[in-house]
Amino acid sequence: MSRVVIPSLVAFGLLLPGYASAAECNASATPARQKAAIHTLMSRMTLAEKLGQLNQIGRQAVATGAAGTQGQSGDDVIAAGGVGSFLGVRGVAETRHLQEIAVTRSRLKIPLLFADDVIHGYRTTFPVPLAEAGSFDPEMAERSARIAAVEATASGIHWTYAPMVDIARDPRWGRVVEGSGEDPYLGSLMAAARVRGFQGRDLTAHDSLLATAKHFVAYGAAEGGRDYNIASMSPQTLHDVYLPPFKAAVDAGAGSIMASFNELDGTPMHANGALINGLLRKQWRWNGLVVSDYTGVMELMHHGIADNRADAGERALRAGVDVDMVSEIYAKDLPQRVSSGHLPLAVVDASVERVLATKCRLGLFDDPYHGADVARERASILTAEHRRAARDAAGRSIVLLKNTQEALPLRKDIGKVAVIGPLADEPWAMLGNWPGDGKPEDAVTPLAALKKSLGERRVAYARGTGLLGDDRSGFDAAVAEAKSSDVVLLFVGEGPEMSAEAASRSSLDLPGNQQALADALAATGKPVIAILLNGRPLSVGKLADASSALVEAWFPGIEGGNAIGDVLFGDVNPAARLAITFPRNVGQVPIYYAHKNTGRPPNAGEKYTSKYIDVPWTPLYPFGFGLSYTTFRYDGLKIASPRIAANGRQKVSVAVTNTGKRAGDEVVQLYLRDEVASVTRPLRQLRGFRRIHLDAGESRVVEFELGREDYAFHDAAMHKVVEPGRFDVFIGGSSEATLSGSFEVTAGR
Ligand code: BGC
């Protein structure tokens with residue numbers, strides 16, 4: 001039963017000037033006082049008000065009033081305390097308007113939370129997360145998340161649904177673009193960096209944005225790469241591969257986690273109490289807020305584990321999903337369950353307490369507007385400094401995949417360039433998917449950038465073809481422009497709508513007849529520089545064959561055109577690497593560097609080994625791979641101790657020399673292999689990297705430290721162990737690094 005509202009306390013609330021809730025929970029109070037304040041507040045809440053706190057609705061619901069009971073407008077729902085947070089409401093004017101209703105017209109004046117998908121920038125769109133991961137520069141990812149937070153909070157947003165930390169090893173799955181790729185180590189560092197960037201040092205600061213690690217968990221393991229599909233995996237894989245980025249986000253202080261749409265081994269994640277209440281809350285002692293994914297609570301019915309809405313709501317809430325994103329099941333269907341005694345009020349209370357604690361941590365009881373006003377919004381968004389950071393981030397995220405005979409960089413005094421392709425002048429392809437509040441009119445396309453830097457007369461343009469379909473009517477014009485130019489810059493790939501959510505593909509080839517266009521241009525004999533704009537690994541072997549140089553620019557953000565120009569003309573020496581393996585064809589998927597050896601490791605000379613008869617087993621481009629305009633030499637690998645205890649710190653160092661003629665960055669990578677263990681271990685695992693800058697001819701010793709966490713894994717009994725034995729170290733510029741040594745770990749657990 002819900003608690004009885006004590007009229008005198010309500011009256012007390014109404015008597016306070018401004019927002020009565022200011023007295024309820026002060027962000028600077030001690031945790032004990034905050035808890036007491038929240039309990040006092042909860043003692044005044046009706047069941048409907050409590051469930052209202054767990055109810056998140058979208059902007060649409062407000063506009064139509066659909067969130068309310070019959071005849072109620074969205075404003076009325078807020079005034080009645082029927083909503084705790086909003087999804088996708090942006091801008092100071094609108095957020096302030098809604099907040100004002102909450103803190104002046106609702107009975108308890110509890111402030112609202114405004115949540116949004118601020119994924120890779122807000123108005124200043126940065127490169128998509130998969131691209132930024134390839135920078136191997138967590139500090140840069142932290143900076144861009146910081147800027148996103150500065151802008152989004154100025155626009156009235158408190159809570160972002162990022163970072164997406166799903167490990168993704170199947171590029172058919174469109175959502176690979178949203179995360180940090182295939183590797184748990186890189187993914188963990190990026191997850192932590194982004195959480196720090198969004199949240200800043202102190203959540204009460206006006207420019208701090210509550211981060212959400214999503215989607216919990218194993219969403220990236222969707223069977224067949226088909227979005228929302230089921231995931232099945234061993235507990236070892238779950239704990240050693242898919243969970244570490246969530247742990248890293250939690251350790252970095254992430255205030256929230258989103259449940260994922262998928263089921264895992266038969267249990268939909270929105271009902272997975274063992275992993276949400278059990279692992280996250282009990283084992284990891286994390287006390288943040290769990291939000292459902294969009295209609296995820298309702299979908300428990302489609303999964304076939306709930307008979308009706310109330311069932312679905314009860315299962316999700318009992319599992320520990322605090323906030324119901326837009327299903328409106330908690331608010332509408334759970335009151336009955338509680339009043340009938342089916343669902344203990346304590347279960348509701350636990351979630352309400354977490355919602356209120358989150359609002360308190362953000363300081364919303366002190367300032368429900370979180371410092372957002374029109375002047376700040378105007379001053380903070382799309383500043384010149386933010387644009388510079390976006391250009392820098394894009395330059396640091398572009399990967400050079402092929403460069404024969406130093407086709408790149410181009411000479412600045414080059415005569416004429418032919419800019420060709422469906423993505424050469426497509427602003428949306430700069431922004432990519434989940435662009436936040438990014439606007440195409442703010443985006444600099446490659447064509448615009450090149451016209452500006454080279455002058456209109458030196459740039460010829462032909463679209464050549466569309467992204468899809470087989471229309472060749474533009475080929476002739478494109479070929480003619482190519483013939484009259486010194487070089488062809490060909491911009492091909494995918495449209496932004498072809499990746500991210502609900503955008504799985506069954507082919508990884510270049511869509512439409514873009515390859516045919518590339519072949520027609522190559523036939524002119526002019527050097528073709530192909531620049532890819534896309535959100536997933538593509539099987540672009542043929543494109544590479546048709547090109548002198550191949551550049552992976554991903555969806556590079558609003559400054560993408562300028563950044564691509566920087567790379568093409570050598571103002572930026574590319575250094576980013578692939579955060580995800582590129583297969584030769586879709587049939588190789590899933591393909592990732594940290595695979596197991598099998599009992600019959602592939603061997604070209606022996607039939608009965610683990611390989612294909614129609615394609616090599618190796619990838620087109622491996623994880624960690626990327627070229628530079630200079631070259632690097634690795635030597636002098638030193639392993640400090642030949643034998644080390646599991647708890648000891650091992651030091652490994654290597655000398656890296658820039659052997660070329662230009663300054664450049666190198667991503668020095670360290671991989672480890674546990675040679676013999678009680679369960680099978682990956683052939684190599686990334687356990688350290690450093691992006692360093694070296695002038696031409698410069699040499700530097702790079703040192704890594706290894707410890708227990710680098711040797712540990714889950715054994716058959718699911719104990720996290722370190723087993724004694726030999727470990728191999730590989731150091732170099734990609735996951736295929738060959739410089740190696742080994743040492744022994746001497747003690748167990
Ligand atoms: C996506 C989430 C996103 C949410 C809110 C869902 O469809 O899976 O990643 O945060 O929508 O927009």
# chains A, B, ... in the order shown; residues from 1 in each chain; ligands from 1
$ residues_near_ligand --ligand "ligand 1" --cutoff "10 Å" --atoms "only C-alpha atoms and all ligand atoms" --output "PyMOL selection string"
chain A and resi 58+87-88+115-119+160-164+175+178+212-215+219+227-228+258-261+291-296+325-326+434+500-502
$ select_by_dssp --residues "stretch 519-720 of chain A" --states "strand (DSSP E)" --output "JSON, numbers by chain"
{"A": [528, 529, 530, 531, 532, 533, 549, 550, 551, 552, 632, 633, 634, 635, 636, 637, 638, 639, 643, 644, 650, 651, 652, 653, 654, 655, 656, 657, 658, 664, 665, 666, 667, 668, 669, 670, 671, 672, 673, 674, 685, 686, 687, 688, 689, 690, 691, 692, 693, 694, 699, 700, 701, 702, 703, 704, 705, 706, 713, 714, 720]}
$ closest_residue --among "A:Arg681, A:Arg649, A:Arg146, A:Arg577" --to "A:Gln669" --atoms "only C-alpha atoms"
A:Arg577
$ atom_distance --atom1 "atom CA of A:Lys483" --atom2 "atom CA of A:Gly464"
13.7 Å
$ closest_atom_pairs --of "stretch 556-669 of chain A" --to "stretch 392-403 of chain A" --cutoff "8 Å" --atoms "only C-alpha atoms" --output "tab-separated table"
residue	atom	partner	partner_atom	distance
A:Pro556	CA	A:Ala394	CA	5.3
A:Gly557	CA	A:Ala394	CA	6.9
A:Glu559	CA	A:Ala394	CA	7.2
A:Gly560	CA	A:Ala394	CA	6.1
A:Ala563	CA	A:Gly395	CA	5.0
A:Ile564	CA	A:Gly395	CA	6.9
A:Asp566	CA	A:Gly395	CA	7.1
A:Val567	CA	A:Gly395	CA	6.7
A:Val572	CA	A:Gly395	CA	6.5
A:Pro574	CA	A:Val399	CA	6.2
A:Ala575	CA	A:Val399	CA	6.5
A:Ala576	CA	A:Val399	CA	4.9
A:Arg577	CA	A:Val399	CA	5.7
A:Leu578	CA	A:Val399	CA	7.1
A:Tyr621	CA	A:Leu401	CA	7.8
A:Phe625	CA	A:Leu401	CA	7.7
A:Gly626	CA	A:Leu400	CA	5.5
A:Leu627	CA	A:Leu400	CA	5.1
A:Ser628	CA	A:Leu400	CA	6.7
$ residues_around --residues "A:Arg196" --least-positions-apart "4" --cutoff "8 Å" --atoms "only C-alpha atoms" --output "VMD selection string"
chain A and resid 142 146 192 200 to 201 252 to 253
$ residues_around --residues "A:Met233" --least-positions-apart "6" --cutoff "12 Å" --atoms "only C-alpha atoms" --output "VMD selection string"
chain A and resid 217 to 223 239 to 242 263 to 266
$ write_last_selection --atoms "N, CA and C atoms" --output "PDB file, in the first residue's frame"
ATOM      1  N   VAL A 217      23.380  -6.065 -21.316  1.00  0.00           N
ATOM      2  CA  VAL A 217      24.709  -6.351 -21.783  1.00  0.00           C
ATOM      3  C   VAL A 217      24.652  -7.402 -22.885  1.00  0.00           C
ATOM      4  N   ALA A 218      25.722  -7.472 -23.650  1.00  0.00           N
ATOM      5  CA  ALA A 218      25.855  -8.460 -24.739  1.00  0.00           C
ATOM      6  C   ALA A 218      24.995  -8.126 -25.949  1.00  0.00           C
ATOM      7  N   TYR A 219      24.551  -6.871 -26.009  1.00  0.00           N
ATOM      8  CA  TYR A 219      23.718  -6.439 -27.142  1.00  0.00           C
ATOM      9  C   TYR A 219      24.479  -6.590 -28.453  1.00  0.00           C
ATOM     10  N   GLY A 220      25.801  -6.393 -28.381  1.00  0.00           N
ATOM     11  CA  GLY A 220      26.625  -6.468 -29.588  1.00  0.00           C
ATOM     12  C   GLY A 220      26.799  -7.882 -30.115  1.00  0.00           C
ATOM     13  N   ALA A 221      26.347  -8.852 -29.347  1.00  0.00           N
ATOM     14  CA  ALA A 221      26.519 -10.239 -29.792  1.00  0.00           C
ATOM     15  C   ALA A 221      25.260 -10.749 -30.487  1.00  0.00           C
ATOM     16  N   ALA A 222      24.484  -9.842 -31.035  1.00  0.00           N
ATOM     17  CA  ALA A 222      23.226 -10.216 -31.692  1.00  0.00           C
ATOM     18  C   ALA A 222      23.467 -11.295 -32.747  1.00  0.00           C
ATOM     19  N   GLU A 223      22.731 -12.364 -32.635  1.00  0.00           N
ATOM     20  CA  GLU A 223      22.891 -13.495 -33.550  1.00  0.00           C
ATOM     21  C   GLU A 223      22.661 -13.045 -34.994  1.00  0.00           C
ATOM     22  N   HIS A 239      32.058 -12.411 -19.130  1.00  0.00           N
ATOM     23  CA  HIS A 239      32.812 -11.702 -18.087  1.00  0.00           C
ATOM     24  C   HIS A 239      34.165 -11.185 -18.559  1.00  0.00           C
ATOM     25  N   ASP A 240      34.770 -11.860 -19.510  1.00  0.00           N
ATOM     26  CA  ASP A 240      36.108 -11.419 -19.927  1.00  0.00           C
ATOM     27  C   ASP A 240      36.065 -10.479 -21.138  1.00  0.00           C
ATOM     28  N   VAL A 241      34.967 -10.509 -21.878  1.00  0.00           N
ATOM     29  CA  VAL A 241      34.930  -9.699 -23.099  1.00  0.00           C
ATOM     30  C   VAL A 241      33.842  -8.613 -23.047  1.00  0.00           C
ATOM     31  N   TYR A 242      32.632  -8.994 -22.707  1.00  0.00           N
ATOM     32  CA  TYR A 242      31.513  -8.043 -22.839  1.00  0.00           C
ATOM     33  C   TYR A 242      31.298  -7.164 -21.605  1.00  0.00           C
ATOM     34  N   GLU A 263      17.896 -10.622 -25.394  1.00  0.00           N
ATOM     35  CA  GLU A 263      17.953 -11.629 -24.337  1.00  0.00           C
ATOM     36  C   GLU A 263      19.365 -12.184 -24.293  1.00  0.00           C
ATOM     37  N   LEU A 264      19.748 -12.680 -23.149  1.00  0.00           N
ATOM     38  CA  LEU A 264      21.040 -13.343 -23.029  1.00  0.00           C
ATOM     39  C   LEU A 264      20.789 -14.738 -22.467  1.00  0.00           C
ATOM     40  N   ASP A 265      21.099 -15.717 -23.262  1.00  0.00           N
ATOM     41  CA  ASP A 265      20.908 -17.109 -22.848  1.00  0.00           C
ATOM     42  C   ASP A 265      19.520 -17.361 -22.256  1.00  0.00           C
ATOM     43  N   GLY A 266      18.519 -16.811 -22.899  1.00  0.00           N
ATOM     44  CA  GLY A 266      17.143 -17.120 -22.505  1.00  0.00           C
ATOM     45  C   GLY A 266      16.494 -16.096 -21.588  1.00  0.00           C
TER      46      GLY A 266
END
$ atom_distance --atom1 "atom CA of A:Ser485" --atom2 "atom CA of A:Gly466"
21.7 Å
$ select_by_dssp --residues "stretch 143-262 of chain A" --states "alpha helix (DSSP H)" --output "JSON, numbers by chain"
{"A": [143, 144, 145, 146, 147, 148, 149, 150, 151, 152, 153, 154, 184, 185, 186, 187, 188, 189, 190, 191, 192, 193, 194, 195, 196, 197, 198, 199, 235, 236, 237, 244, 245, 246, 247, 248, 249, 250, 251]}
$ residues_around --residues "stretch 705-714 of chain A" --least-positions-apart "2" --cutoff "6 Å" --atoms "only C-alpha atoms" --output "number ranges by chain"
A: 236, 646-647, 649-651, 718-722
$ write_last_selection --atoms "C-alpha atoms" --output "compact mmCIF listing (two decimals), in the first residue's frame"
# COMPACT_ATOMS: atom_id res chain seq x y z
CA GLN A 236 33.68 -16.63 -19.54
CA ALA A 646 51.00 -12.81 -10.22
CA ASN A 647 50.80 -9.78 -7.97
CA ARG A 649 54.43 -5.51 -11.64
CA GLN A 650 56.21 -6.46 -14.84
CA LYS A 651 57.89 -3.79 -16.92
CA MET A 718 34.06 -18.80 -13.02
CA HIS A 719 36.75 -17.83 -10.56
CA LYS A 720 38.88 -14.96 -11.72
CA VAL A 721 42.34 -16.47 -11.65
CA VAL A 722 45.89 -16.00 -12.70
$ closest_residue --among "A:Glu182, A:Asp349, A:Leu431, A:Asp728" --to "A:Pro537" --atoms "only C-alpha atoms"
A:Glu182
